[in-house]
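Have a look at run_18.txt below; it lists compact mmCIF, C-alpha atoms.
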# COMPACT_ATOMS: atom_id res chain seq x y z
CA MET A 1 -4.19 -13.36 -7.76
CA ARG A 2 -3.56 -11.02 -4.84
CA MET A 3 -2.25 -12.24 -1.54
CA CYS A 4 -5.01 -12.44 1.08
CA ARG A 5 -4.40 -10.20 4.07
CA PHE A 6 -7.66 -10.80 5.92
CA SER A 7 -10.39 -13.39 6.05
CA PRO A 8 -13.36 -13.28 3.67
CA ARG A 9 -15.58 -12.62 6.66
CA SER A 10 -13.88 -9.28 7.16
CA VAL A 11 -15.03 -8.07 3.75
CA ALA A 12 -18.64 -8.89 4.50
CA ARG A 13 -18.51 -7.33 7.95
CA SER A 14 -16.77 -4.21 6.65
CA ALA A 15 -19.51 -3.77 4.07
CA LEU A 16 -22.15 -3.90 6.80
CA VAL A 17 -20.42 -2.04 9.59
CA PHE A 18 -21.75 1.37 8.48
CA MET A 19 -25.00 0.23 10.11
CA LEU A 20 -23.38 0.47 13.57
CA ALA A 21 -25.57 2.33 16.01
CA ALA A 22 -24.70 5.74 17.40
CA GLY A 23 -22.35 5.72 20.34
CA THR A 24 -20.26 2.70 19.36
CA LEU A 25 -17.04 4.57 20.00
CA GLY A 26 -18.19 6.95 22.66
CA VAL A 27 -16.34 9.80 20.91
CA PRO A 28 -18.35 13.00 20.48
CA ALA A 29 -18.90 14.81 17.22
CA VAL A 30 -16.80 17.91 16.62
CA GLY A 31 -19.95 19.96 16.30
CA GLY A 32 -18.88 22.50 13.73
CA GLY A 33 -16.01 24.59 14.88
CA GLY A 34 -12.96 23.05 16.40
CA PRO A 35 -11.37 20.23 18.35
CA ALA A 36 -13.38 17.97 20.62
CA GLY A 37 -14.47 19.17 24.03
CA ALA A 38 -12.73 18.48 27.32
CA ALA A 39 -15.14 15.68 28.20
CA GLU A 40 -13.51 13.34 25.74
CA PRO A 41 -9.98 12.17 26.68
CA ASP A 42 -7.02 13.24 24.60
CA PRO A 43 -5.49 10.72 22.21
CA THR A 44 -2.62 8.71 23.63
CA MET A 45 0.66 10.39 22.65
CA ASN A 46 4.18 8.96 22.38
CA ASP A 47 2.90 5.51 23.23
CA ALA A 48 0.94 2.61 21.76
CA VAL A 49 -2.61 1.40 22.07
CA PHE A 50 -3.56 -2.27 21.75
CA ASN A 51 -6.97 -3.74 21.08
CA ARG A 52 -8.51 -6.81 22.69
CA PRO A 53 -10.68 -8.70 20.17
CA THR A 54 -12.60 -10.62 22.86
CA GLY A 55 -12.92 -7.68 25.25
CA SER A 56 -15.52 -4.93 25.62
CA ALA A 57 -16.59 -2.78 22.68
CA ALA A 58 -14.16 -0.07 23.80
CA GLN A 59 -11.31 -2.59 24.05
CA GLN A 60 -12.08 -4.02 20.62
CA ASN A 61 -12.27 -0.54 19.09
CA ALA A 62 -9.26 0.93 20.94
CA ILE A 63 -7.36 1.70 17.74
CA PHE A 64 -10.39 3.23 16.02
CA ILE A 65 -11.02 5.38 19.11
CA GLN A 66 -7.42 6.60 19.03
CA LEU A 67 -7.72 7.59 15.37
CA ALA A 68 -11.04 9.33 15.98
CA ARG A 69 -9.53 11.38 18.79
CA ILE A 70 -6.64 12.46 16.57
CA ILE A 71 -8.90 13.42 13.65
CA ASP A 72 -11.28 15.39 15.90
CA ARG A 73 -8.44 17.51 17.28
CA VAL A 74 -6.83 18.73 14.07
CA PRO A 75 -7.66 22.47 13.91
CA ALA A 76 -8.80 24.51 10.93
CA GLY A 77 -5.89 25.21 8.60
CA GLY A 78 -4.21 21.92 9.51
CA GLU A 79 -3.69 18.86 7.35
CA ILE A 80 -4.41 15.14 7.63
CA GLN A 81 -2.71 12.66 5.31
CA MET A 82 -3.57 8.99 5.52
CA SER A 83 -2.97 5.82 3.51
CA TRP A 84 -4.64 2.47 4.24
CA PHE A 85 -5.03 -0.94 2.71
CA GLY A 86 -8.39 -1.86 4.29
CA PHE A 87 -10.84 1.02 4.68
CA GLY A 88 -14.27 -0.45 5.23
CA VAL A 89 -15.32 0.39 8.79
CA THR A 90 -17.13 3.68 9.33
CA ASP A 91 -16.43 4.02 13.05
CA VAL A 92 -13.79 6.58 12.07
CA THR A 93 -15.70 8.35 9.29
CA ASP A 94 -19.06 8.51 11.08
CA SER A 95 -19.78 10.86 13.95
CA ALA A 96 -20.69 8.63 16.89
CA SER A 97 -23.56 10.79 18.12
CA THR A 98 -24.92 11.70 14.67
CA PRO A 99 -24.05 8.87 12.26
CA ASP A 100 -26.31 10.24 9.53
CA LEU A 101 -24.35 13.50 9.31
CA PRO A 102 -20.96 13.92 7.61
CA GLY A 103 -18.39 11.88 9.47
CA ARG A 104 -15.23 12.82 11.26
CA LEU A 105 -13.11 13.23 8.17
CA LEU A 106 -15.88 15.17 6.48
CA ASN A 107 -16.26 17.33 9.60
CA ALA A 108 -12.52 17.97 9.55
CA HIS A 109 -12.68 18.95 5.88
CA GLN A 110 -15.65 21.24 6.48
CA ARG A 111 -13.99 23.04 9.37
CA GLY A 112 -11.02 23.87 7.15
CA VAL A 113 -8.68 20.91 7.54
CA ARG A 114 -7.01 19.63 4.37
CA VAL A 115 -7.86 15.92 4.21
CA LYS A 116 -5.80 13.79 1.81
CA ILE A 117 -6.36 10.04 1.55
CA ILE A 118 -4.69 7.36 -0.60
CA LEU A 119 -6.12 3.85 -0.58
CA ASP A 120 -5.51 0.48 -2.12
CA HIS A 121 -7.76 0.15 -5.17
CA GLU A 122 -9.82 -2.65 -3.65
CA GLN A 123 -11.46 -0.16 -1.29
CA VAL A 124 -13.45 1.72 -3.94
CA SER A 125 -16.52 -0.46 -3.33
CA GLN A 126 -16.52 0.23 0.40
CA ARG A 127 -18.92 2.66 2.07
CA PRO A 128 -16.30 5.15 3.38
CA TYR A 129 -14.77 5.70 -0.06
CA GLN A 130 -18.15 6.12 -1.69
CA ARG A 131 -19.21 8.56 0.99
CA LEU A 132 -16.05 10.67 1.00
CA LEU A 133 -15.48 10.86 -2.76
CA PRO A 134 -18.36 13.24 -3.62
CA VAL A 135 -17.14 15.75 -1.01
CA LEU A 136 -13.35 15.42 -1.11
CA GLY A 137 -13.10 14.68 -4.84
CA ASN A 138 -10.28 12.85 -6.58
CA ASP A 139 -8.16 15.76 -7.80
CA ASP A 140 -4.82 15.10 -6.12
CA THR A 141 -3.71 18.70 -6.71
CA ALA A 142 -6.59 20.02 -4.59
CA ALA A 143 -6.48 20.89 -0.89
CA SER A 144 -8.46 17.74 -0.05
CA TYR A 145 -8.94 14.51 -1.99
CA ILE A 146 -9.41 10.76 -1.82
CA VAL A 147 -7.70 8.60 -4.48
CA HIS A 148 -6.58 5.02 -4.93
CA CYS A 149 -3.52 3.39 -6.42
CA SER A 150 -5.10 2.24 -9.70
CA ASP A 151 -7.16 5.29 -10.57
CA GLN A 152 -4.70 6.39 -13.27
CA PHE A 153 -4.58 2.89 -14.78
CA PRO A 154 -8.11 1.47 -14.50
CA GLY A 155 -8.19 -2.26 -14.02
CA ALA A 156 -4.57 -2.49 -12.93
CA ASP A 157 -3.91 -4.69 -9.90
CA ARG A 158 -1.09 -2.74 -8.28
CA GLY A 159 0.09 -0.59 -5.42
CA CYS A 160 0.93 3.07 -5.79
CA ILE A 161 4.73 2.64 -5.75
CA GLY A 162 4.97 -1.14 -6.00
CA THR A 163 3.66 -2.57 -9.27
CA ARG A 164 5.50 -5.87 -9.45
CA ARG A 165 3.98 -9.33 -9.93
CA ILE A 166 5.92 -12.27 -8.53
CA ASP A 167 5.20 -15.80 -9.74
CA TYR A 168 5.48 -18.50 -7.10
CA THR A 169 5.26 -22.27 -7.44
CA ASP A 170 1.51 -22.37 -6.90
CA SER A 171 0.35 -18.81 -7.40
CA SER A 172 1.08 -15.34 -8.71
CA VAL A 173 0.98 -12.37 -6.33
CA THR A 174 0.45 -8.78 -7.47
CA ALA A 175 1.52 -5.57 -5.72
CA TYR A 176 -0.75 -3.68 -3.31
CA ASN A 177 -0.82 -0.67 -1.01
CA HIS A 178 -0.67 -2.23 2.46
CA ASN A 179 -0.07 0.97 4.45
CA LYS A 180 -1.83 1.84 7.70
CA PHE A 181 -0.72 5.32 8.74
CA LEU A 182 -1.99 8.83 9.37
CA THR A 183 -0.16 12.09 9.84
CA ALA A 184 -1.59 15.28 11.32
CA SER A 185 0.13 18.65 11.10
CA SER A 186 -1.01 19.40 14.66
CA ILE A 187 -3.64 18.50 17.25
CA VAL A 188 -5.08 20.62 20.04
CA LEU A 189 -5.31 18.93 23.43
CA ASN A 190 -7.91 19.50 26.11
CA ASN A 191 -5.63 21.82 28.07
CA GLY A 192 -5.30 24.08 25.02
CA SER A 193 -1.75 23.05 24.14
CA THR A 194 -0.80 22.12 20.59
CA VAL A 195 1.20 19.08 19.53
CA SER A 196 2.72 19.31 16.05
CA ASN A 197 4.17 16.73 13.66
CA VAL A 198 1.90 13.86 14.72
CA VAL A 199 2.31 10.37 13.22
CA PHE A 200 0.05 7.37 13.77
CA GLN A 201 1.45 4.04 12.54
CA GLY A 202 -0.66 0.94 13.00
CA SER A 203 -1.01 -2.72 12.12
CA ALA A 204 -4.80 -2.69 11.78
CA ASN A 205 -6.84 -2.19 8.68
CA LEU A 206 -9.95 -0.11 9.24
CA GLY A 207 -12.20 -3.13 9.11
CA TRP A 208 -14.44 -4.83 11.64
CA TRP A 209 -12.43 -8.07 11.52
CA ASP A 210 -9.40 -6.11 12.78
CA ALA A 211 -11.33 -5.09 15.89
CA ASN A 212 -13.15 -8.23 16.99
CA GLU A 213 -11.15 -11.09 15.47
CA ALA A 214 -7.56 -9.85 15.54
CA TYR A 215 -4.93 -8.47 17.89
CA ASN A 216 -3.49 -5.17 16.62
CA ASN A 217 -1.43 -2.20 17.78
CA GLY A 218 -1.16 1.47 16.90
CA LEU A 219 1.60 3.89 17.87
CA THR A 220 1.12 7.69 17.98
CA PHE A 221 4.02 10.08 18.45
CA SER A 222 5.35 13.53 17.63
CA ASP A 223 8.69 13.82 15.85
CA ALA A 224 9.50 16.41 13.18
CA THR A 225 12.02 14.34 11.21
CA THR A 226 9.86 11.22 11.03
CA TYR A 227 6.75 13.28 10.29
CA GLN A 228 8.46 14.87 7.30
CA ALA A 229 9.64 11.45 6.12
CA TYR A 230 6.07 10.12 6.16
CA ARG A 231 4.92 13.21 4.26
CA SER A 232 7.58 12.63 1.62
CA TYR A 233 6.51 9.01 1.36
CA PHE A 234 2.89 10.06 1.02
CA ALA A 235 3.88 12.47 -1.77
CA ASP A 236 5.61 9.58 -3.53
CA LEU A 237 2.56 7.35 -3.15
CA ARG A 238 0.58 10.11 -4.86
CA SER A 239 3.05 10.75 -7.66
CA TYR A 240 4.17 7.20 -8.52
CA ARG A 241 0.59 6.08 -9.09
CA HIS A 242 0.71 8.34 -12.16
CA THR A 243 3.47 6.13 -13.62
CA SER A 244 2.86 2.73 -15.14
CA GLY A 245 5.97 1.11 -13.62
CA GLY A 246 6.01 2.74 -10.19
CA ASN A 247 9.32 2.16 -8.42
CA ASN A 248 9.90 -1.41 -7.34
CA ASN A 249 13.25 -0.57 -5.76
CA TYR A 250 11.91 2.37 -3.78
CA TYR A 251 13.33 1.44 -0.37
CA ARG A 252 14.02 4.40 1.95
CA GLY A 253 15.10 4.75 5.57
CA THR A 254 15.36 7.78 7.82
CA PRO A 255 18.65 8.49 9.64
CA THR A 256 19.85 6.39 12.55
CA GLY A 257 20.77 7.79 15.94
CA SER A 258 17.30 8.99 16.99
CA THR A 259 14.36 7.58 18.93
CA TYR A 260 12.36 6.92 15.76
CA ARG A 261 13.47 5.48 12.45
CA ALA A 262 11.11 4.80 9.54
CA TYR A 263 11.57 2.35 6.66
CA PHE A 264 9.50 2.46 3.47
CA PHE A 265 9.07 -0.34 0.93
CA PRO A 266 9.15 -2.09 -1.62
CA ARG A 267 12.80 -3.14 -1.73
CA ARG A 268 14.19 -5.14 -4.63
CA GLU A 269 16.64 -8.01 -4.35
CA ARG A 270 20.12 -7.73 -5.88
CA SER A 271 20.40 -8.35 -9.58
CA GLY A 272 20.44 -12.06 -10.33
CA GLN A 273 19.46 -13.06 -6.79
CA PRO A 274 16.22 -14.80 -5.74
CA VAL A 275 13.48 -12.79 -4.04
CA GLY A 276 14.61 -14.26 -0.71
CA ASP A 277 18.01 -12.54 -1.08
CA PRO A 278 19.08 -12.01 2.57
CA ALA A 279 21.45 -9.15 1.75
CA THR A 280 18.46 -6.97 0.87
CA ASP A 281 16.09 -8.17 3.60
CA THR A 282 15.74 -5.39 6.17
CA ILE A 283 14.71 -7.76 8.97
CA VAL A 284 17.68 -10.03 8.30
CA SER A 285 19.92 -6.96 8.56
CA VAL A 286 18.29 -5.98 11.84
CA LEU A 287 18.84 -9.43 13.31
CA ASP A 288 22.42 -9.48 12.07
CA THR A 289 23.01 -6.35 14.17
CA VAL A 290 22.33 -8.24 17.40
CA HIS A 291 25.99 -8.57 18.31
CA SER A 292 25.86 -10.66 21.48
CA CYS A 293 23.44 -12.89 23.34
CA SER A 294 25.01 -12.00 26.68
CA TYR A 295 25.77 -8.49 27.89
CA ASP A 296 26.66 -6.46 30.96
CA ASP A 297 23.97 -4.19 32.40
CA ASN A 298 25.59 -2.13 35.15
CA GLY A 299 27.36 -5.13 36.57
CA THR A 300 24.58 -7.64 35.97
CA ARG A 301 24.97 -10.24 33.25
CA ARG A 302 21.84 -10.50 31.12
CA GLN A 303 20.56 -12.44 28.11
CA THR A 304 19.47 -10.75 24.87
CA ASP A 305 15.78 -11.34 24.15
CA VAL A 306 14.16 -11.31 20.70
CA ARG A 307 10.37 -11.60 20.41
CA VAL A 308 8.26 -11.63 17.26
CA ASN A 309 4.48 -11.14 17.07
CA MET A 310 3.58 -11.63 13.41
CA TYR A 311 0.46 -12.24 11.36
CA SER A 312 2.14 -13.62 8.21
CA PHE A 313 5.63 -15.14 8.14
CA ASN A 314 7.04 -16.80 5.00
CA ARG A 315 10.67 -15.60 4.74
CA PRO A 316 12.89 -18.54 5.76
CA GLU A 317 16.03 -16.40 5.89
CA VAL A 318 14.50 -14.40 8.75
CA ALA A 319 13.62 -17.65 10.52
CA ARG A 320 17.18 -18.93 10.08
CA ARG A 321 18.58 -15.78 11.72
CA LEU A 322 16.21 -16.21 14.65
CA THR A 323 17.31 -19.82 15.06
CA ALA A 324 20.97 -18.82 14.86
CA LEU A 325 20.44 -16.28 17.63
CA ARG A 326 18.72 -18.88 19.80
CA ASN A 327 21.55 -21.34 19.20
CA ALA A 328 23.99 -18.61 20.22
CA GLY A 329 22.25 -18.21 23.57
CA CYS A 330 19.65 -15.49 22.96
CA TRP A 331 16.07 -15.99 24.06
CA VAL A 332 13.81 -16.16 20.96
CA ASP A 333 10.02 -16.27 21.25
CA VAL A 334 7.74 -16.21 18.17
CA VAL A 335 3.95 -15.80 17.97
CA TYR A 336 2.38 -16.08 14.52
CA SER A 337 -0.90 -16.81 12.76
CA GLU A 338 0.25 -17.83 9.28
CA ALA A 339 3.62 -19.38 8.35
CA ASN A 340 4.82 -21.61 5.54
CA SER A 341 6.72 -24.87 5.89
CA GLY A 342 10.02 -23.20 5.02
CA VAL A 343 9.74 -20.91 8.03
CA LEU A 344 8.47 -23.60 10.40
CA ASN A 345 11.28 -25.94 9.35
CA ALA A 346 13.87 -23.18 9.74
CA LEU A 347 12.76 -22.28 13.26
CA GLY A 348 14.76 -24.71 15.35
CA SER A 349 13.33 -26.72 18.21
CA ASN A 350 14.87 -24.35 20.77
CA VAL A 351 12.78 -21.40 19.57
CA GLN A 352 9.57 -21.01 21.58
CA LEU A 353 6.81 -20.99 18.98
CA THR A 354 3.11 -20.25 19.46
CA ARG A 355 0.45 -20.27 16.78
CA CYS A 356 -2.33 -17.75 17.43
CA ASN A 357 -5.53 -18.96 15.78
CA TYR A 358 -8.38 -19.99 18.07
CA ASN A 359 -12.15 -20.09 17.82
CA VAL A 360 -14.48 -18.24 20.21
CA GLY A 361 -17.77 -18.82 18.42
CA PRO A 362 -19.37 -19.62 15.07
CA GLY A 363 -17.30 -18.03 12.33
CA ARG A 364 -15.12 -16.11 14.80
CA ASP A 365 -11.47 -17.16 14.82
CA ILE A 366 -9.03 -14.98 16.75
CA ARG A 367 -5.61 -14.29 15.23
CA THR A 368 -2.72 -11.95 15.78
CA HIS A 369 -2.60 -9.30 13.07
CA ASN A 370 0.39 -7.57 14.66
CA LYS A 371 3.64 -7.07 12.80
CA TYR A 372 6.16 -6.27 15.51
CA MET A 373 9.51 -7.46 16.84
CA LEU A 374 11.07 -6.61 20.20
CA ILE A 375 14.81 -6.66 20.85
CA ASP A 376 16.07 -6.23 24.40
CA GLY A 377 19.81 -6.66 24.72
CA ALA A 378 23.10 -6.15 22.92
CA TYR A 379 22.17 -4.46 19.66
CA ASP A 380 24.73 -2.63 17.52
CA ASP A 381 26.76 -0.54 19.98
CA ASP A 382 24.26 -0.15 22.82
CA ILE A 383 21.76 -2.03 24.99
CA VAL A 384 18.72 0.22 24.45
CA PRO A 385 15.57 -1.87 23.87
CA ARG A 386 13.92 -1.53 20.46
CA VAL A 387 10.48 -2.06 18.94
CA PHE A 388 10.02 -2.63 15.19
CA THR A 389 6.37 -2.23 14.23
CA GLY A 390 4.14 -1.11 11.37
CA SER A 391 2.32 -2.68 8.44
CA HIS A 392 5.23 -4.89 7.33
CA ASN A 393 4.57 -8.64 7.63
CA TYR A 394 7.53 -10.99 7.42
CA ASN A 395 6.35 -12.28 4.05
CA VAL A 396 7.97 -11.82 0.66
CA SER A 397 5.30 -9.54 -0.76
CA ALA A 398 5.75 -7.05 2.10
CA LEU A 399 9.43 -6.79 1.27
CA ARG A 400 9.43 -6.96 -2.54
CA GLN A 401 6.04 -5.78 -3.80
CA ALA A 402 3.89 -3.84 -1.37
CA ASP A 403 3.73 -0.21 -0.37
CA GLU A 404 4.64 -0.60 3.32
CA ALA A 405 5.95 1.37 6.28
CA MET A 406 7.89 0.02 9.25
CA LEU A 407 8.90 1.99 12.31
CA ARG A 408 11.74 1.43 14.78
CA VAL A 409 11.35 2.97 18.26
CA MET A 410 14.07 3.01 20.91
CA GLY A 411 13.42 3.14 24.64
CA ARG A 412 12.69 0.99 27.67
CA GLY A 413 9.21 2.39 28.28
CA ILE A 414 7.77 1.75 24.83
CA HIS A 415 9.48 -1.65 24.66
CA ASP A 416 7.96 -2.74 27.95
CA ASP A 417 4.48 -1.65 26.87
CA TYR A 418 4.83 -3.84 23.79
CA LEU A 419 6.31 -6.60 25.92
CA SER A 420 3.18 -6.62 28.10
CA ASP A 421 1.06 -6.91 24.97
CA PHE A 422 3.30 -9.69 23.65
CA TRP A 423 2.86 -11.71 26.82
CA HIS A 424 -0.90 -11.15 26.76
CA VAL A 425 -1.25 -12.30 23.15
CA ARG A 426 1.13 -15.24 23.54
CA ASP A 427 -0.34 -16.49 26.79
CA THR A 428 -3.94 -16.10 25.64
CA CYS A 429 -3.23 -17.94 22.41
CA ARG A 430 -1.37 -20.70 24.25
CA ALA A 431 -4.23 -21.07 26.71
CA ASN A 432 -6.55 -21.59 23.76
CA GLY A 433 -4.51 -24.41 22.26
CA GLY A 434 -1.94 -22.44 20.29
CA ALA A 435 1.27 -23.78 21.81
CA ILE A 436 3.45 -25.59 19.25
CA ARG A 437 6.62 -25.98 21.30
Before we go any further, please render this structure as structure tokens.
Amino acid sequence: MRMCRFSPRSVARSALVFMLAAGTLGVPAVGGGGPAGAAEPDPTMNDAVFNRPTGSAAQQNAIFIQLARIIDRVPAGGEIQMSWFGFGVTDVTDSASTPDLPGRLLNAHQRGVRVKIILDHEQVSQRPYQRLLPVLGNDDTAASYIVHCSDQFPGADRGCIGTRRIDYTDSSVTAYNHNKFLTASSIVLNNGSTVSNVVFQGSANLGWWDANEAYNNGLTFSDATTYQAYRSYFADLRSYRHTSGGNNNYYRGTPTGSTYRAYFFPRRERSGQPVGDPATDTIVSVLDTVHSCSYDDNGTRRQTDVRVNMYSFNRPEVARRLTALRNAGCWVDVVYSEANSGVLNALGSNVQLTRCNYNVGPGRDIRTHNKYMLIDGAYDDDIVPRVFTGSHNYNVSALRQADEAMLRVMGRGIHDDYLSDFWHVRDTCRANGGAIR
């Protein structure tokens, strides 16, 4: 079987969401020639957006709105590349004012943008894929296309790069494409300026559940090195799906020493080691780089803080490192929705732990679907705060089997924006009965 990444309700809602009325997003159609008009705000750049699943329609759809604004502003001659696990909601593919006309991605294609999309194979039954395929085609050598990871091996349950099945005590999990990113060669802002090398990395699938039953985040930025790395990764997603074995030890990372660093998975354990092998767990390595729980900040003694906001958490070695840091005097705060007994047992009693899973109505259970960690303190050889975000859950399949991307961002400003979101999610979940200890 495949590992479940969202509730069964999300599948049903995604299949129906194409019936959304005009104006859900409040983002205008392109109209036939170029980027959106000045009336619509620019997409947020070099910062994150966070949705609020119990908020207004705009707050629920904040991540979809951000994507729509990016897509609408890519000029003719530009290129969009995107890869997603869940691709069922049509808020992004349908023009808000004219939902019966070709959607945003189709508009982009028709105005001369190259639109290239790679999906997990489970999305072929969804409305967006069925709508885009007749126009974009599935020739991955063409200027535009939409393909999925199993199209070269019909019936295969696999990712594009990751193809590995892992047998557990009570189940068998197959590989999958769990990515949630978009790149744009450039976008034109309302003031006429152009921003090149645009990357959007999110935690949300493009499904209705992700908007109104889950907390998510999406980060948009411009950086030439990271943009090229995502393009190279996208090219590998395209090419490895033509091979039966993929590359189950694909792991890549961009250089250190810059604001942004990207990591791409799957990553295989060392030969002869179990899948939990800590020496090849990227998150374990990150936590091992926290070199002190107390540090000097311009004459003020401070404590190192580590915070985790995670949908799925089943790697005990990561939990053990968090507990070790707490025992060494760091502050460690974990919010999660799903965790196994190995993780819960490994998280010591001193770690503040909050489960985020509360009901707000019939069939509507709110969870965190984020996959981020915040480190504020003595890390490596500096004290610059860091955010680690992306599609990478702290579960084994994200590390060993799935096509995944994780992004590290350095800087006080971006960290504090995520910190505000962390507090909101944690405190809201605790107020709704989610406090464990």
Would you tabulate, counting only C-alpha atoms, all residues of stretch 323-400 of chain A that have an atom at most 12 Å from an atom of stretch 157-163 of chain A, showing the closest pair of atoms and their distance in Å to one decimal, sorted by chain then ascending number, as a tab-separated table?
residue	atom	partner	partner_atom	distance
A:Ser397	CA	A:Gly162	CA	9.9
A:Ala398	CA	A:Gly162	CA	10.1
A:Leu399	CA	A:Gly162	CA	10.2
A:Arg400	CA	A:Gly162	CA	8.1
- Query: Residues at most 7 Å from A:Val335, counting all atoms listed in the file, excluding those fewer than 2 positions away in the same chain, as an NGL selection string?
  - Reply: :A and (308-310 or 333 or 353-356 or 426)
- Query: In Å, with one decimal, what is the gap from atom CA of A:Met82 to atom CA of A:Gly411?
  - Reply: 26.2 Å
- Test item: residues at most 7 Å from stretch 370-380 of chain A, all atoms listed in the file, excluding those fewer than 3 positions along its chain, as number ranges by chain: A: 203, 215-217, 289-293, 295, 303-311, 383-393, 415
- Point (-0.5, -12.4, 26.5), cut-off 12 Å, counting all atoms listed in the file, residues as a ChimeraX atom specification: /A:50,52,215,309,335,354,356,368,417-432,434
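With atom CA of A:Gly329 on one side and atom CA of A:Arg302 on the other, the separation reads 10.8 Å.
Ranking A:Gly276, A:Gly207, A:Gly413, A:Gly86 by their shortest atom-to-atom distance to A:Gln60, with all atoms listed in the file included, puts A:Gly207 first.
Computed from the coordinates, the atom CA of A:Leu287 to atom CA of A:Glu317 distance equals 10.6 Å.
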- Message: Neighbouring residues of stretch 218-233 of chain A were defined as those with any atom within 6 Å, considering only C-alpha atoms; residues of the same chain fewer than 6 positions away were excluded. Please report them as a PyMOL selection string.
- Response: chain A and resi 45-49+197-202
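For the residues A:Val74, A:Val115, A:Ala402, A:Ile63, ranking by smallest atom-to-atom distance to A:Asn249 using all atoms listed in the file places A:Ala402 first.
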- Query: With distances taken over only C-alpha atoms, which of A:Met406, A:Val275, A:Ile436, A:Ala57 is nearest to A:Asp167?
  - Reply: A:Val275
So which residues are close to (-5.3, 3.8, -7.9), meaning at most 7 Å away in the file's coordinates with only C-alpha atoms counted, and can you show them as a JSON list (two decimals) with C-alpha atoms, keeping the file's coordinate frame?
[["chain", "number", "residue", "atom", "x", "y", "z"],
["A", 120, "ASP", "CA", -5.51, 0.48, -2.12],
["A", 121, "HIS", "CA", -7.76, 0.15, -5.17],
["A", 147, "VAL", "CA", -7.70, 8.60, -4.48],
["A", 148, "HIS", "CA", -6.58, 5.02, -4.93],
["A", 149, "CYS", "CA", -3.52, 3.39, -6.42],
["A", 150, "SER", "CA", -5.10, 2.24, -9.70],
["A", 151, "ASP", "CA", -7.16, 5.29, -10.57],
["A", 152, "GLN", "CA", -4.70, 6.39, -13.27],
["A", 153, "PHE", "CA", -4.58, 2.89, -14.78],
["A", 160, "CYS", "CA", 0.93, 3.07, -5.79],
["A", 241, "ARG", "CA", 0.59, 6.08, -9.09]]
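Using all atoms listed in the file, the smallest distance between any of A:Ala324, A:Leu133, A:Leu182, A:Ala76 and A:Gly112 comes from A:Ala76.
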- So which residues touch A:Arg164 within 7 Å, counting all atoms listed in the file, skipping near sequence neighbours fewer than 5 positions away, as a PyMOL selection string? chain A and resi 174-175+248+401
